[in-house]
Amino acid sequence: MPGPDAVAGPDATAGPDPASRRAAGRPGPSAGTGAVDGRGGVTDARGREAADGEDSSDGPGAAQAAALVRAAAPHATAVTLAVARGDRTAVHCHGRTAVDGEPCTPDTVFELGSVTKTFTALLLAVMAERGELALDDPMERHLPPNWQAPEVRRGGPIRLLHLATHTSGLPRLPPGLLATALPAWTANPYAGYDERLLRAGLARTTVRHRPGERYGYSNFGVGLLGRLLAETGRTGYAELLADRVSLPLGLRATTCSPDAPHRATGHRRGHPLPPWRIPGLPGAGAVRASGTDLLHYLRAHLAPETDALGRALREVRRPRLRLPRSADRLGLVWNCRTTADGRDLLFHSGATRGFTALVGFCPQTATAVAALTNTGPSLDGRFVQAAYDSLKQLAEPTG
């Protein structure tokens with residue numbers, strides 16, 4: 001069982017192989033000692049190489065940014081740490097978008113992997129607040145025409161809330177994914193899994209546990225939720241997210257497009273990768289965003305307005321269940337850990353084959369952190385662990 005300061009929950013969408021799934025969620029040791037050398041373009045947090053993209057050498061998070069640079073070594077060429085602490089903000093940027101790329105800036109776009117799931121959860125809550133659906137709606141009510149729901153052996157039905165809390169009973173990955181993943185195993189394992197295969201996989205699925213009874217992290221479940229929301233909104237997932245979340249929050253660089261401008265190049269073990277593609281399950285891992293946008297996104301969670309979007313922002317962080325063998329709780333997708341002095345740390349990690357990310361916030365101290373790098377997750381999960389440690393440190397009460 002993870003210790004009290006370990007990052008719990010295998011939150012990666014990096015791919016179906018076990019090593020990549022573990023890396024974004026298992027506890028990791030403290031950050032390594034070696035910084036990426038000049039060939040990768042990453043410097044320390046004091047910004048000795050301003051030309052390589054150091055944006056903020058002071059402000060909250062400078063020391064934590066240095067630890068993240070060490071944790072991203074040796075394969076990353078870019079690291080961003082966006083921090084809010086009360087009214088103070090900083091976006092620390094290190095390195096370049098690729099070995100020979102442009103300097104990393106607050107507007108550099110990174111793939112988020114499973115951090116996408118927090119956007120899907122917010123989209124669900126917004127649509128519920130607008131009266132377009134209810135959290136306890138059976139999923140069948142929102143399936144596209146002629147799609148067959150999975151067979152549920154006990155109890156039922158699967159409800160939208162079950163999909164957003166990983167309690168649907170659906171497997172981690174949809175049937176048929178592994179076969180299509182093999183040709184692109186090291187770079188884009190989801191690229192060949194389209195909506196047609198999702199529909200076929202859903203029809204082949206059998207749920208053997210009563211929905212709502214057991215927790216089991218599921219890319220399949222949240223990806224399917226994204227498809228159901230798009231069907232209800234009568235548009236695509238990317239368009240729906242832009243209309244209901246990104247545009248209202250002013251997230252100008254947030255997108256599902258693999259060809260986003262100002263994007264960093266992902267790396268796996270030092271080798272550059274093509275952009276991540278996940279056409280059948282975009283709600284599980286398609287979103288890209290910049291440090292600037294993620295700071296806006298997280299600060300909206302800290303100070304919600306009173307409109308439907310504001311109410312939804314409060315709803316996603318409300319604890320729904322306690323995770324097995326843990327004191328941690330789960331909201332709508334968000335992990336929630338309470339410190340010994342009563343502070344709530346809400347967080348979610350994510351990864352693709354070429355990127356690793358963690359976002360989190362603490363309502364009691366008005367702290368938000370987004371940590372991003374353009375290298376895939378390591379087996380020891382050290383970047384995610386360093387990012388979580390940054391959140392915990394920066395959320396400490398002051399004075």
# chains A, B, ... in the order shown; residues from 1 in each chain; ligands from 1

$ select_by_dssp --residues "segment 138-369 of chain A" --states "strand (DSSP E or B)" --output "VMD selection string"
chain A and resid 138 151 to 152 159 206 to 207 255 263 267 to 268 271 to 272 288 to 290 321 to 322 329 to 330 335 to 338 344 to 351 356 to 362 367 to 369

$ residues_around --residues "Asp259 of chain A" --least-positions-apart "2" --cutoff "12 Å" --atoms "only C-alpha atoms" --output "number ranges by chain"
A: 109-111, 253-257, 261-265, 274-277, 286-288

$ residues_around --residues "Phe361 of chain A" --least-positions-apart "2" --cutoff "7 Å" --atoms "only C-alpha atoms" --output "PDB file with all heavy atoms, in the first residue's frame"
ATOM      1  N   LEU A 298      -6.890  25.665 -12.886  1.00  0.00           N
ATOM      2  CA  LEU A 298      -6.842  25.287 -11.471  1.00  0.00           C
ATOM      3  C   LEU A 298      -7.322  26.409 -10.563  1.00  0.00           C
ATOM      4  O   LEU A 298      -7.991  26.159  -9.552  1.00  0.00           O
ATOM      5  CB  LEU A 298      -5.420  24.870 -11.106  1.00  0.00           C
ATOM      6  CG  LEU A 298      -4.910  23.601 -11.803  1.00  0.00           C
ATOM      7  CD1 LEU A 298      -3.425  23.410 -11.544  1.00  0.00           C
ATOM      8  CD2 LEU A 298      -5.698  22.375 -11.356  1.00  0.00           C
ATOM      9  N   LEU A 345      -5.667  18.017  -0.410  1.00  0.00           N
ATOM     10  CA  LEU A 345      -4.877  18.078  -1.635  1.00  0.00           C
ATOM     11  C   LEU A 345      -5.626  17.291  -2.702  1.00  0.00           C
ATOM     12  O   LEU A 345      -5.789  16.075  -2.580  1.00  0.00           O
ATOM     13  CB  LEU A 345      -3.485  17.491  -1.422  1.00  0.00           C
ATOM     14  CG  LEU A 345      -2.635  18.107  -0.299  1.00  0.00           C
ATOM     15  CD1 LEU A 345      -1.288  17.408  -0.217  1.00  0.00           C
ATOM     16  CD2 LEU A 345      -2.448  19.606  -0.498  1.00  0.00           C
ATOM     17  N   LEU A 346      -6.110  17.977  -3.713  1.00  0.00           N
ATOM     18  CA  LEU A 346      -6.796  17.327  -4.829  1.00  0.00           C
ATOM     19  C   LEU A 346      -5.841  17.287  -6.004  1.00  0.00           C
ATOM     20  O   LEU A 346      -5.220  18.313  -6.347  1.00  0.00           O
ATOM     21  CB  LEU A 346      -8.078  18.072  -5.193  1.00  0.00           C
ATOM     22  CG  LEU A 346      -9.173  17.981  -4.130  1.00  0.00           C
ATOM     23  CD1 LEU A 346      -9.222  19.254  -3.306  1.00  0.00           C
ATOM     24  CD2 LEU A 346     -10.517  17.689  -4.757  1.00  0.00           C
ATOM     25  N   PHE A 347      -5.688  16.124  -6.635  1.00  0.00           N
ATOM     26  CA  PHE A 347      -4.668  15.993  -7.663  1.00  0.00           C
ATOM     27  C   PHE A 347      -5.011  14.867  -8.631  1.00  0.00           C
ATOM     28  O   PHE A 347      -5.831  13.996  -8.348  1.00  0.00           O
ATOM     29  CB  PHE A 347      -3.295  15.730  -7.030  1.00  0.00           C
ATOM     30  CG  PHE A 347      -3.216  14.470  -6.211  1.00  0.00           C
ATOM     31  CD1 PHE A 347      -2.774  13.274  -6.759  1.00  0.00           C
ATOM     32  CD2 PHE A 347      -3.603  14.471  -4.874  1.00  0.00           C
ATOM     33  CE1 PHE A 347      -2.703  12.111  -5.999  1.00  0.00           C
ATOM     34  CE2 PHE A 347      -3.541  13.312  -4.100  1.00  0.00           C
ATOM     35  CZ  PHE A 347      -3.098  12.131  -4.671  1.00  0.00           C
ATOM     36  N   PRO A 363      -7.635  23.850  -1.610  1.00  0.00           N
ATOM     37  CA  PRO A 363      -8.567  24.954  -1.378  1.00  0.00           C
ATOM     38  C   PRO A 363      -8.240  25.787  -0.147  1.00  0.00           C
ATOM     39  O   PRO A 363      -8.403  27.013  -0.152  1.00  0.00           O
ATOM     40  CB  PRO A 363      -9.916  24.243  -1.228  1.00  0.00           C
ATOM     41  CG  PRO A 363      -9.752  22.932  -1.917  1.00  0.00           C
ATOM     42  CD  PRO A 363      -8.328  22.549  -1.695  1.00  0.00           C
ATOM     43  N   THR A 367      -3.784  27.218  -3.151  1.00  0.00           N
ATOM     44  CA  THR A 367      -2.569  26.810  -3.853  1.00  0.00           C
ATOM     45  C   THR A 367      -2.931  25.940  -5.046  1.00  0.00           C
ATOM     46  O   THR A 367      -3.799  25.063  -4.946  1.00  0.00           O
ATOM     47  CB  THR A 367      -1.643  26.016  -2.919  1.00  0.00           C
ATOM     48  OG1 THR A 367      -1.341  26.821  -1.778  1.00  0.00           O
ATOM     49  CG2 THR A 367      -0.358  25.608  -3.610  1.00  0.00           C
ATOM     50  N   ALA A 368      -2.264  26.159  -6.164  1.00  0.00           N
ATOM     51  CA  ALA A 368      -2.451  25.325  -7.356  1.00  0.00           C
ATOM     52  C   ALA A 368      -1.099  25.060  -7.988  1.00  0.00           C
ATOM     53  O   ALA A 368      -0.218  25.927  -7.992  1.00  0.00           O
ATOM     54  CB  ALA A 368      -3.373  26.013  -8.353  1.00  0.00           C
ATOM     55  N   VAL A 369      -0.949  23.856  -8.530  1.00  0.00           N
ATOM     56  CA  VAL A 369       0.311  23.434  -9.148  1.00  0.00           C
ATOM     57  C   VAL A 369       0.007  22.639 -10.407  1.00  0.00           C
ATOM     58  O   VAL A 369      -0.857  21.751 -10.402  1.00  0.00           O
ATOM     59  CB  VAL A 369       1.137  22.564  -8.175  1.00  0.00           C
ATOM     60  CG1 VAL A 369       2.245  21.823  -8.911  1.00  0.00           C
ATOM     61  CG2 VAL A 369       1.715  23.407  -7.060  1.00  0.00           C
TER      62      VAL A 369
END

$ atom_distance --atom1 "atom CA of Trp185 of chain A" --atom2 "atom CA of Ala76 of chain A"
20.3 Å

$ closest_residue --among "A:His94, A:His142, A:Arg329, A:Gly86" --to "Leu68 of chain A" --atoms "only C-alpha atoms"
A:His94

$ residues_around --residues "segment 121-128 of chain A" --least-positions-apart "6" --cutoff "8 Å" --atoms "only C-alpha atoms" --output "JSON, numbers by chain"
{"A": [134, 135, 164, 229, 241, 244, 245, 308, 309, 311, 312, 313, 315, 316, 332, 333]}

$ atom_distance --atom1 "atom CA of Leu358 of chain A" --atom2 "atom CA of Val91 of chain A"
14.6 Å

$ closest_residue --among "A:Ala200, A:Cys104, A:Gly221, A:Gly233" --to "Arg130 of chain A" --atoms "only C-alpha atoms"
A:Gly233

$ residues_around --residues "Glu102 of chain A" --least-positions-apart "3" --cutoff "9 Å" --atoms "only C-alpha atoms" --output "list in words"
Asp52, Gly53, Gly95, Arg96, Thr97, Ala98, Val99, Thr105, His262 and Ala264 of chain A

$ write_last_selection --atoms "all heavy atoms" --output "compact mmCIF listing (two decimals), in the first residue's frame"
# COMPACT_ATOMS: atom_id res chain seq x y z
N ASP A 52 17.18 29.71 -22.95
CA ASP A 52 16.58 28.39 -23.01
C ASP A 52 15.21 28.35 -22.38
O ASP A 52 14.68 27.28 -22.06
CB ASP A 52 17.49 27.35 -22.34
CG ASP A 52 18.48 26.75 -23.33
OD1 ASP A 52 18.39 27.06 -24.54
OD2 ASP A 52 19.31 25.97 -22.89
N GLY A 53 14.59 29.49 -22.13
CA GLY A 53 13.17 29.49 -21.80
C GLY A 53 12.83 29.66 -20.35
O GLY A 53 11.69 29.47 -19.96
N GLY A 95 14.23 24.98 -20.60
CA GLY A 95 14.60 24.20 -21.76
C GLY A 95 13.94 24.63 -23.04
O GLY A 95 13.52 25.78 -23.21
N ARG A 96 13.83 23.67 -23.95
CA ARG A 96 13.29 23.91 -25.28
C ARG A 96 12.26 22.86 -25.63
O ARG A 96 12.22 21.79 -25.05
CB ARG A 96 14.43 23.91 -26.31
CG ARG A 96 15.41 25.06 -26.12
CD ARG A 96 16.51 25.07 -27.17
NE ARG A 96 17.36 26.26 -27.01
CZ ARG A 96 17.11 27.43 -27.58
NH1 ARG A 96 16.05 27.56 -28.37
NH2 ARG A 96 17.90 28.46 -27.37
N THR A 97 11.44 23.19 -26.62
CA THR A 97 10.34 22.29 -27.00
C THR A 97 10.86 20.99 -27.61
O THR A 97 10.14 20.00 -27.66
CB THR A 97 9.43 22.98 -28.01
OG1 THR A 97 10.21 23.41 -29.15
CG2 THR A 97 8.75 24.19 -27.38
N ALA A 98 12.07 20.98 -28.08
CA ALA A 98 12.76 19.80 -28.59
C ALA A 98 14.25 20.10 -28.49
O ALA A 98 14.64 21.22 -28.12
CB ALA A 98 12.35 19.50 -30.02
N VAL A 99 15.10 19.15 -28.80
CA VAL A 99 16.54 19.37 -28.70
C VAL A 99 16.95 20.62 -29.48
O VAL A 99 17.74 21.43 -29.02
CB VAL A 99 17.31 18.13 -29.18
CG1 VAL A 99 18.81 18.43 -29.28
CG2 VAL A 99 17.08 16.96 -28.23
N THR A 105 8.12 28.17 -23.08
CA THR A 105 7.51 29.37 -22.51
C THR A 105 6.23 28.99 -21.77
O THR A 105 5.77 27.84 -21.86
CB THR A 105 7.17 30.39 -23.61
OG1 THR A 105 5.98 29.95 -24.30
CG2 THR A 105 8.31 30.56 -24.59
N HIS A 262 2.60 25.77 -31.02
CA HIS A 262 3.47 25.96 -29.85
C HIS A 262 3.60 24.69 -29.01
O HIS A 262 3.82 24.75 -27.80
CB HIS A 262 2.96 27.11 -28.96
CG HIS A 262 2.67 28.36 -29.71
ND1 HIS A 262 3.62 29.05 -30.42
CD2 HIS A 262 1.50 29.04 -29.89
CE1 HIS A 262 3.08 30.11 -30.99
NE2 HIS A 262 1.79 30.14 -30.70
N ALA A 264 5.22 21.20 -27.57
CA ALA A 264 6.49 20.53 -27.35
C ALA A 264 6.48 19.18 -28.04
O ALA A 264 5.42 18.61 -28.32
CB ALA A 264 6.74 20.36 -25.85

$ closest_residue --among "A:Asn335, A:Leu323, A:Ala82, A:Asn146" --to "Gln64 of chain A" --atoms "only C-alpha atoms"
A:Ala82

$ select_by_dssp --residues "segment 178-353 of chain A" --states "alpha helix (DSSP H)" --output "VMD selection string"
chain A and resid 178 to 181 195 to 203 219 to 233 237 to 241 247 to 249 282 to 285 291 to 302 308 to 316

$ closest_residue --among "A:Ala357, A:Leu178, A:Ala351, A:Cys336" --to "Arg268 of chain A" --atoms "only C-alpha atoms"
A:Ala351

$ atom_distance --atom1 "atom CA of Met139 of chain A" --atom2 "atom CA of Arg227 of chain A"
10.6 Å

$ decode --residues "segment 286-301 of chain A" --atoms "all heavy atoms" --output "PDB file, in the first residue's frame"
ATOM      1  N   ALA A 286      -6.950  12.919 -24.481  1.00  0.00           N
ATOM      2  CA  ALA A 286      -6.610  13.675 -25.689  1.00  0.00           C
ATOM      3  C   ALA A 286      -6.219  15.123 -25.457  1.00  0.00           C
ATOM      4  O   ALA A 286      -5.700  15.768 -26.366  1.00  0.00           O
ATOM      5  CB  ALA A 286      -7.789  13.632 -26.672  1.00  0.00           C
ATOM      6  N   VAL A 287      -6.446  15.672 -24.264  1.00  0.00           N
ATOM      7  CA  VAL A 287      -6.286  17.112 -24.068  1.00  0.00           C
ATOM      8  C   VAL A 287      -4.807  17.492 -23.988  1.00  0.00           C
ATOM      9  O   VAL A 287      -3.983  16.775 -23.419  1.00  0.00           O
ATOM     10  CB  VAL A 287      -7.037  17.580 -22.806  1.00  0.00           C
ATOM     11  CG1 VAL A 287      -6.725  19.039 -22.481  1.00  0.00           C
ATOM     12  CG2 VAL A 287      -8.535  17.396 -23.000  1.00  0.00           C
ATOM     13  N   ARG A 288      -4.498  18.645 -24.595  1.00  0.00           N
ATOM     14  CA  ARG A 288      -3.202  19.309 -24.469  1.00  0.00           C
ATOM     15  C   ARG A 288      -3.446  20.696 -23.882  1.00  0.00           C
ATOM     16  O   ARG A 288      -4.478  21.308 -24.142  1.00  0.00           O
ATOM     17  CB  ARG A 288      -2.537  19.497 -25.830  1.00  0.00           C
ATOM     18  CG  ARG A 288      -2.011  18.221 -26.457  1.00  0.00           C
ATOM     19  CD  ARG A 288      -2.931  17.710 -27.503  1.00  0.00           C
ATOM     20  NE  ARG A 288      -2.194  16.768 -28.360  1.00  0.00           N
ATOM     21  CZ  ARG A 288      -2.612  15.553 -28.666  1.00  0.00           C
ATOM     22  NH1 ARG A 288      -3.784  15.122 -28.240  1.00  0.00           N
ATOM     23  NH2 ARG A 288      -1.887  14.776 -29.425  1.00  0.00           N
ATOM     24  N   ALA A 289      -2.468  21.219 -23.150  1.00  0.00           N
ATOM     25  CA  ALA A 289      -2.634  22.549 -22.570  1.00  0.00           C
ATOM     26  C   ALA A 289      -1.274  23.133 -22.230  1.00  0.00           C
ATOM     27  O   ALA A 289      -0.269  22.419 -22.131  1.00  0.00           O
ATOM     28  CB  ALA A 289      -3.513  22.496 -21.330  1.00  0.00           C
ATOM     29  N   SER A 290      -1.256  24.426 -22.024  1.00  0.00           N
ATOM     30  CA  SER A 290      -0.043  25.142 -21.626  1.00  0.00           C
ATOM     31  C   SER A 290      -0.036  25.368 -20.121  1.00  0.00           C
ATOM     32  O   SER A 290      -1.064  25.227 -19.434  1.00  0.00           O
ATOM     33  CB  SER A 290      -0.001  26.490 -22.342  1.00  0.00           C
ATOM     34  OG  SER A 290      -1.067  27.325 -21.886  1.00  0.00           O
ATOM     35  N   GLY A 291       1.122  25.767 -19.601  1.00  0.00           N
ATOM     36  CA  GLY A 291       1.197  26.112 -18.191  1.00  0.00           C
ATOM     37  C   GLY A 291       0.286  27.268 -17.836  1.00  0.00           C
ATOM     38  O   GLY A 291      -0.369  27.266 -16.787  1.00  0.00           O
ATOM     39  N   THR A 292       0.217  28.267 -18.715  1.00  0.00           N
ATOM     40  CA  THR A 292      -0.664  29.406 -18.474  1.00  0.00           C
ATOM     41  C   THR A 292      -2.118  28.974 -18.364  1.00  0.00           C
ATOM     42  O   THR A 292      -2.841  29.380 -17.441  1.00  0.00           O
ATOM     43  CB  THR A 292      -0.519  30.435 -19.608  1.00  0.00           C
ATOM     44  OG1 THR A 292       0.812  30.952 -19.603  1.00  0.00           O
ATOM     45  CG2 THR A 292      -1.500  31.584 -19.444  1.00  0.00           C
ATOM     46  N   ASP A 293      -2.565  28.143 -19.304  1.00  0.00           N
ATOM     47  CA  ASP A 293      -3.954  27.686 -19.275  1.00  0.00           C
ATOM     48  C   ASP A 293      -4.253  26.853 -18.039  1.00  0.00           C
ATOM     49  O   ASP A 293      -5.322  26.985 -17.414  1.00  0.00           O
ATOM     50  CB  ASP A 293      -4.264  26.867 -20.530  1.00  0.00           C
ATOM     51  CG  ASP A 293      -4.775  27.719 -21.672  1.00  0.00           C
ATOM     52  OD1 ASP A 293      -4.677  28.953 -21.587  1.00  0.00           O
ATOM     53  OD2 ASP A 293      -5.274  27.146 -22.660  1.00  0.00           O
ATOM     54  N   LEU A 294      -3.337  25.972 -17.675  1.00  0.00           N
ATOM     55  CA  LEU A 294      -3.594  25.117 -16.513  1.00  0.00           C
ATOM     56  C   LEU A 294      -3.646  25.932 -15.231  1.00  0.00           C
ATOM     57  O   LEU A 294      -4.388  25.593 -14.298  1.00  0.00           O
ATOM     58  CB  LEU A 294      -2.538  24.019 -16.422  1.00  0.00           C
ATOM     59  CG  LEU A 294      -2.661  22.937 -17.492  1.00  0.00           C
ATOM     60  CD1 LEU A 294      -1.471  21.980 -17.436  1.00  0.00           C
ATOM     61  CD2 LEU A 294      -3.971  22.156 -17.359  1.00  0.00           C
ATOM     62  N   LEU A 295      -2.895  27.018 -15.175  1.00  0.00           N
ATOM     63  CA  LEU A 295      -2.993  27.903 -14.015  1.00  0.00           C
ATOM     64  C   LEU A 295      -4.386  28.534 -13.941  1.00  0.00           C
ATOM     65  O   LEU A 295      -5.004  28.573 -12.868  1.00  0.00           O
ATOM     66  CB  LEU A 295      -1.919  28.986 -14.105  1.00  0.00           C
ATOM     67  CG  LEU A 295      -1.453  29.628 -12.798  1.00  0.00           C
ATOM     68  CD1 LEU A 295      -1.026  28.579 -11.788  1.00  0.00           C
ATOM     69  CD2 LEU A 295      -0.321  30.604 -13.082  1.00  0.00           C
ATOM     70  N   HIS A 296      -4.912  28.992 -15.071  1.00  0.00           N
ATOM     71  CA  HIS A 296      -6.285  29.518 -15.104  1.00  0.00           C
ATOM     72  C   HIS A 296      -7.287  28.437 -14.698  1.00  0.00           C
ATOM     73  O   HIS A 296      -8.227  28.696 -13.931  1.00  0.00           O
ATOM     74  CB  HIS A 296      -6.626  30.028 -16.503  1.00  0.00           C
ATOM     75  CG  HIS A 296      -5.960  31.319 -16.868  1.00  0.00           C
ATOM     76  ND1 HIS A 296      -6.045  32.460 -16.095  1.00  0.00           N
ATOM     77  CD2 HIS A 296      -5.205  31.651 -17.939  1.00  0.00           C
ATOM     78  CE1 HIS A 296      -5.374  33.426 -16.666  1.00  0.00           C
ATOM     79  NE2 HIS A 296      -4.845  32.973 -17.790  1.00  0.00           N
ATOM     80  N   TYR A 297      -7.102  27.249 -15.240  1.00  0.00           N
ATOM     81  CA  TYR A 297      -8.007  26.119 -14.979  1.00  0.00           C
ATOM     82  C   TYR A 297      -8.051  25.780 -13.491  1.00  0.00           C
ATOM     83  O   TYR A 297      -9.139  25.650 -12.896  1.00  0.00           O
ATOM     84  CB  TYR A 297      -7.517  24.930 -15.801  1.00  0.00           C
ATOM     85  CG  TYR A 297      -8.252  23.630 -15.621  1.00  0.00           C
ATOM     86  CD1 TYR A 297      -9.583  23.487 -15.984  1.00  0.00           C
ATOM     87  CD2 TYR A 297      -7.584  22.509 -15.136  1.00  0.00           C
ATOM     88  CE1 TYR A 297     -10.243  22.271 -15.855  1.00  0.00           C
ATOM     89  CE2 TYR A 297      -8.228  21.290 -15.005  1.00  0.00           C
ATOM     90  CZ  TYR A 297      -9.560  21.173 -15.354  1.00  0.00           C
ATOM     91  OH  TYR A 297     -10.201  19.961 -15.231  1.00  0.00           O
ATOM     92  N   LEU A 298      -6.890  25.665 -12.886  1.00  0.00           N
ATOM     93  CA  LEU A 298      -6.842  25.287 -11.471  1.00  0.00           C
ATOM     94  C   LEU A 298      -7.322  26.409 -10.563  1.00  0.00           C
ATOM     95  O   LEU A 298      -7.991  26.159  -9.552  1.00  0.00           O
ATOM     96  CB  LEU A 298      -5.420  24.870 -11.106  1.00  0.00           C
ATOM     97  CG  LEU A 298      -4.910  23.601 -11.803  1.00  0.00           C
ATOM     98  CD1 LEU A 298      -3.425  23.410 -11.544  1.00  0.00           C
ATOM     99  CD2 LEU A 298      -5.698  22.375 -11.356  1.00  0.00           C
ATOM    100  N   ARG A 299      -7.009  27.639 -10.905  1.00  0.00           N
ATOM    101  CA  ARG A 299      -7.486  28.757 -10.074  1.00  0.00           C
ATOM    102  C   ARG A 299      -9.009  28.883 -10.140  1.00  0.00           C
ATOM    103  O   ARG A 299      -9.635  29.330  -9.169  1.00  0.00           O
ATOM    104  CB  ARG A 299      -6.817  30.056 -10.506  1.00  0.00           C
ATOM    105  CG  ARG A 299      -5.311  30.065 -10.257  1.00  0.00           C
ATOM    106  CD  ARG A 299      -4.710  31.436 -10.483  1.00  0.00           C
ATOM    107  NE  ARG A 299      -4.846  32.269  -9.284  1.00  0.00           N
ATOM    108  CZ  ARG A 299      -4.561  33.559  -9.254  1.00  0.00           C
ATOM    109  NH1 ARG A 299      -4.154  34.175 -10.365  1.00  0.00           N
ATOM    110  NH2 ARG A 299      -4.695  34.243  -8.137  1.00  0.00           N
ATOM    111  N   ALA A 300      -9.607  28.474 -11.251  1.00  0.00           N
ATOM    112  CA  ALA A 300     -11.069  28.458 -11.320  1.00  0.00           C
ATOM    113  C   ALA A 300     -11.639  27.465 -10.316  1.00  0.00           C
ATOM    114  O   ALA A 300     -12.709  27.693  -9.738  1.00  0.00           O
ATOM    115  CB  ALA A 300     -11.519  28.108 -12.735  1.00  0.00           C
ATOM    116  N   HIS A 301     -10.925  26.345 -10.079  1.00  0.00           N
ATOM    117  CA  HIS A 301     -11.368  25.387  -9.061  1.00  0.00           C
ATOM    118  C   HIS A 301     -11.250  25.969  -7.655  1.00  0.00           C
ATOM    119  O   HIS A 301     -12.014  25.595  -6.760  1.00  0.00           O
ATOM    120  CB  HIS A 301     -10.536  24.102  -9.147  1.00  0.00           C
ATOM    121  CG  HIS A 301     -10.841  23.236 -10.334  1.00  0.00           C
ATOM    122  ND1 HIS A 301     -10.428  23.538 -11.602  1.00  0.00           N
ATOM    123  CD2 HIS A 301     -11.531  22.066 -10.432  1.00  0.00           C
ATOM    124  CE1 HIS A 301     -10.834  22.600 -12.441  1.00  0.00           C
ATOM    125  NE2 HIS A 301     -11.511  21.701 -11.752  1.00  0.00           N
TER     126      HIS A 301
END
